[in-house]
Amino acid sequence: MTITLNDHDKQLCIEKLQNYFEAELDTELGQFDADFLLDFIAKEIAASFYNQGLYDAQTLLQSKIDTLYDGFSELEKPVR
């Protein structure tokens, strides 16, 4: 699975890569090289971040479901 970005978001990411290389590495990263690097990151690395996002979302959802179940327990009426 490859994560794909729309053209606008991809261009923003390319600009961020270029700015990072300039500010942190004192190296100019051209448009072509930044595009190539972004494609590599999307194909080889991004799935790990995507999966972690899914795991985090599952954990959050489970927490919310647990809270709902606790709320149902509070609604129970005593049986005589």
# chains A, B, ... in the order shown; residues from 1 in each chain; ligands from 1

$ residues_around --residues "segment 37-51 of chain A" --least-positions-apart "6" --cutoff "12 Å" --atoms "only C-alpha atoms" --output "list in words"
Met1, Thr2, Ile3, Thr4, Leu5, Asp9, Lys10, Gln11, Leu12, Cys13, Ile14, Glu15, Lys16, Leu17, Gln18, Phe21, Leu29, Gly30, Gln31, Ala57 and Gln58 of chain A

$ atom_distance --atom1 "atom CA of Leu75 of chain A" --atom2 "atom CA of Leu61 of chain A"
21.5 Å

$ atom_distance --atom1 "atom CA of Gly71 of chain A" --atom2 "atom CA of Gln52 of chain A"
28.8 Å

$ atom_distance --atom1 "atom CA of Asp26 of chain A" --atom2 "atom CA of Asn6 of chain A"
28.5 Å

$ select_by_dssp --residues "chain A" --states "helix (DSSP H, G or I)" --output "number ranges by chain"
A: 7-25, 31-44, 46-75

$ decode --residues "segment 22-35 of chain A" --atoms "all heavy atoms" --output "PDB file, in the first residue's frame"
ATOM      1  N   GLU A  22      17.399  22.961   3.801  1.00  0.00           N
ATOM      2  CA  GLU A  22      18.086  24.255   3.796  1.00  0.00           C
ATOM      3  C   GLU A  22      18.435  24.697   5.222  1.00  0.00           C
ATOM      4  O   GLU A  22      19.572  25.083   5.493  1.00  0.00           O
ATOM      5  CB  GLU A  22      17.204  25.314   3.122  1.00  0.00           C
ATOM      6  CG  GLU A  22      17.839  26.683   3.032  1.00  0.00           C
ATOM      7  CD  GLU A  22      19.027  26.742   2.084  1.00  0.00           C
ATOM      8  OE1 GLU A  22      19.034  26.007   1.075  1.00  0.00           O
ATOM      9  OE2 GLU A  22      19.950  27.530   2.365  1.00  0.00           O
ATOM     10  N   ALA A  23      17.468  24.610   6.132  1.00  0.00           N
ATOM     11  CA  ALA A  23      17.666  25.112   7.497  1.00  0.00           C
ATOM     12  C   ALA A  23      18.558  24.207   8.342  1.00  0.00           C
ATOM     13  O   ALA A  23      19.418  24.695   9.073  1.00  0.00           O
ATOM     14  CB  ALA A  23      16.312  25.290   8.186  1.00  0.00           C
ATOM     15  N   GLU A  24      18.364  22.913   8.243  1.00  0.00           N
ATOM     16  CA  GLU A  24      19.060  21.983   9.134  1.00  0.00           C
ATOM     17  C   GLU A  24      20.339  21.398   8.541  1.00  0.00           C
ATOM     18  O   GLU A  24      21.263  21.066   9.278  1.00  0.00           O
ATOM     19  CB  GLU A  24      18.125  20.849   9.543  1.00  0.00           C
ATOM     20  CG  GLU A  24      16.875  21.298  10.275  1.00  0.00           C
ATOM     21  CD  GLU A  24      17.164  21.986  11.601  1.00  0.00           C
ATOM     22  OE1 GLU A  24      18.161  21.617  12.276  1.00  0.00           O
ATOM     23  OE2 GLU A  24      16.416  22.915  11.959  1.00  0.00           O
ATOM     24  N   LEU A  25      20.374  21.249   7.236  1.00  0.00           N
ATOM     25  CA  LEU A  25      21.519  20.598   6.601  1.00  0.00           C
ATOM     26  C   LEU A  25      22.330  21.537   5.724  1.00  0.00           C
ATOM     27  O   LEU A  25      23.327  21.126   5.138  1.00  0.00           O
ATOM     28  CB  LEU A  25      21.034  19.398   5.773  1.00  0.00           C
ATOM     29  CG  LEU A  25      20.213  18.354   6.544  1.00  0.00           C
ATOM     30  CD1 LEU A  25      19.664  17.301   5.595  1.00  0.00           C
ATOM     31  CD2 LEU A  25      21.042  17.710   7.639  1.00  0.00           C
ATOM     32  N   ASP A  26      21.851  22.787   5.623  1.00  0.00           N
ATOM     33  CA  ASP A  26      22.508  23.791   4.784  1.00  0.00           C
ATOM     34  C   ASP A  26      22.745  23.246   3.374  1.00  0.00           C
ATOM     35  O   ASP A  26      23.819  23.416   2.793  1.00  0.00           O
ATOM     36  CB  ASP A  26      23.821  24.250   5.422  1.00  0.00           C
ATOM     37  CG  ASP A  26      24.314  25.569   4.850  1.00  0.00           C
ATOM     38  OD1 ASP A  26      23.466  26.349   4.374  1.00  0.00           O
ATOM     39  OD2 ASP A  26      25.541  25.793   4.850  1.00  0.00           O
ATOM     40  N   THR A  27      21.731  22.570   2.865  1.00  0.00           N
ATOM     41  CA  THR A  27      21.797  21.954   1.540  1.00  0.00           C
ATOM     42  C   THR A  27      20.540  22.315   0.765  1.00  0.00           C
ATOM     43  O   THR A  27      19.438  22.243   1.288  1.00  0.00           O
ATOM     44  CB  THR A  27      21.886  20.415   1.660  1.00  0.00           C
ATOM     45  OG1 THR A  27      23.036  20.084   2.434  1.00  0.00           O
ATOM     46  CG2 THR A  27      21.956  19.749   0.318  1.00  0.00           C
ATOM     47  N   GLU A  28      20.732  22.684  -0.483  1.00  0.00           N
ATOM     48  CA  GLU A  28      19.581  22.977  -1.332  1.00  0.00           C
ATOM     49  C   GLU A  28      19.058  21.677  -1.934  1.00  0.00           C
ATOM     50  O   GLU A  28      19.830  20.897  -2.516  1.00  0.00           O
ATOM     51  CB  GLU A  28      19.970  23.943  -2.435  1.00  0.00           C
ATOM     52  CG  GLU A  28      18.770  24.384  -3.256  1.00  0.00           C
ATOM     53  CD  GLU A  28      19.136  25.440  -4.291  1.00  0.00           C
ATOM     54  OE1 GLU A  28      19.963  26.310  -3.981  1.00  0.00           O
ATOM     55  OE2 GLU A  28      18.592  25.367  -5.410  1.00  0.00           O
ATOM     56  N   LEU A  29      17.784  21.437  -1.759  1.00  0.00           N
ATOM     57  CA  LEU A  29      17.133  20.249  -2.303  1.00  0.00           C
ATOM     58  C   LEU A  29      16.221  20.709  -3.427  1.00  0.00           C
ATOM     59  O   LEU A  29      15.246  21.432  -3.190  1.00  0.00           O
ATOM     60  CB  LEU A  29      16.342  19.533  -1.199  1.00  0.00           C
ATOM     61  CG  LEU A  29      15.732  18.195  -1.535  1.00  0.00           C
ATOM     62  CD1 LEU A  29      16.818  17.154  -1.828  1.00  0.00           C
ATOM     63  CD2 LEU A  29      14.864  17.705  -0.378  1.00  0.00           C
ATOM     64  N   GLY A  30      16.548  20.320  -4.640  1.00  0.00           N
ATOM     65  CA  GLY A  30      15.747  20.736  -5.787  1.00  0.00           C
ATOM     66  C   GLY A  30      14.377  20.090  -5.802  1.00  0.00           C
ATOM     67  O   GLY A  30      14.099  19.125  -5.079  1.00  0.00           O
ATOM     68  N   GLN A  31      13.515  20.618  -6.647  1.00  0.00           N
ATOM     69  CA  GLN A  31      12.142  20.124  -6.777  1.00  0.00           C
ATOM     70  C   GLN A  31      12.125  18.641  -7.110  1.00  0.00           C
ATOM     71  O   GLN A  31      11.392  17.871  -6.497  1.00  0.00           O
ATOM     72  CB  GLN A  31      11.407  20.935  -7.856  1.00  0.00           C
ATOM     73  CG  GLN A  31       9.976  20.508  -8.112  1.00  0.00           C
ATOM     74  CD  GLN A  31       9.016  20.952  -7.031  1.00  0.00           C
ATOM     75  OE1 GLN A  31       9.278  21.887  -6.287  1.00  0.00           O
ATOM     76  NE2 GLN A  31       7.891  20.266  -6.926  1.00  0.00           N
ATOM     77  N   PHE A  32      12.910  18.232  -8.095  1.00  0.00           N
ATOM     78  CA  PHE A  32      12.929  16.835  -8.527  1.00  0.00           C
ATOM     79  C   PHE A  32      13.389  15.923  -7.395  1.00  0.00           C
ATOM     80  O   PHE A  32      12.779  14.892  -7.116  1.00  0.00           O
ATOM     81  CB  PHE A  32      13.841  16.667  -9.750  1.00  0.00           C
ATOM     82  CG  PHE A  32      13.961  15.238 -10.201  1.00  0.00           C
ATOM     83  CD1 PHE A  32      12.946  14.632 -10.939  1.00  0.00           C
ATOM     84  CD2 PHE A  32      15.079  14.484  -9.864  1.00  0.00           C
ATOM     85  CE1 PHE A  32      13.045  13.315 -11.332  1.00  0.00           C
ATOM     86  CE2 PHE A  32      15.194  13.164 -10.269  1.00  0.00           C
ATOM     87  CZ  PHE A  32      14.175  12.569 -11.004  1.00  0.00           C
ATOM     88  N   ASP A  33      14.491  16.303  -6.728  1.00  0.00           N
ATOM     89  CA  ASP A  33      15.023  15.486  -5.632  1.00  0.00           C
ATOM     90  C   ASP A  33      14.057  15.422  -4.455  1.00  0.00           C
ATOM     91  O   ASP A  33      13.884  14.365  -3.841  1.00  0.00           O
ATOM     92  CB  ASP A  33      16.377  16.025  -5.164  1.00  0.00           C
ATOM     93  CG  ASP A  33      17.470  15.807  -6.190  1.00  0.00           C
ATOM     94  OD1 ASP A  33      17.340  14.878  -7.020  1.00  0.00           O
ATOM     95  OD2 ASP A  33      18.449  16.578  -6.171  1.00  0.00           O
ATOM     96  N   ALA A  34      13.411  16.536  -4.139  1.00  0.00           N
ATOM     97  CA  ALA A  34      12.442  16.556  -3.044  1.00  0.00           C
ATOM     98  C   ALA A  34      11.235  15.683  -3.380  1.00  0.00           C
ATOM     99  O   ALA A  34      10.725  14.951  -2.520  1.00  0.00           O
ATOM    100  CB  ALA A  34      12.004  17.989  -2.759  1.00  0.00           C
ATOM    101  N   ASP A  35      10.795  15.731  -4.625  1.00  0.00           N
ATOM    102  CA  ASP A  35       9.674  14.900  -5.073  1.00  0.00           C
ATOM    103  C   ASP A  35      10.052  13.420  -4.981  1.00  0.00           C
ATOM    104  O   ASP A  35       9.279  12.587  -4.490  1.00  0.00           O
ATOM    105  CB  ASP A  35       9.303  15.269  -6.506  1.00  0.00           C
ATOM    106  CG  ASP A  35       7.981  14.684  -6.965  1.00  0.00           C
ATOM    107  OD1 ASP A  35       7.286  14.032  -6.169  1.00  0.00           O
ATOM    108  OD2 ASP A  35       7.638  14.892  -8.144  1.00  0.00           O
TER     109      ASP A  35
END
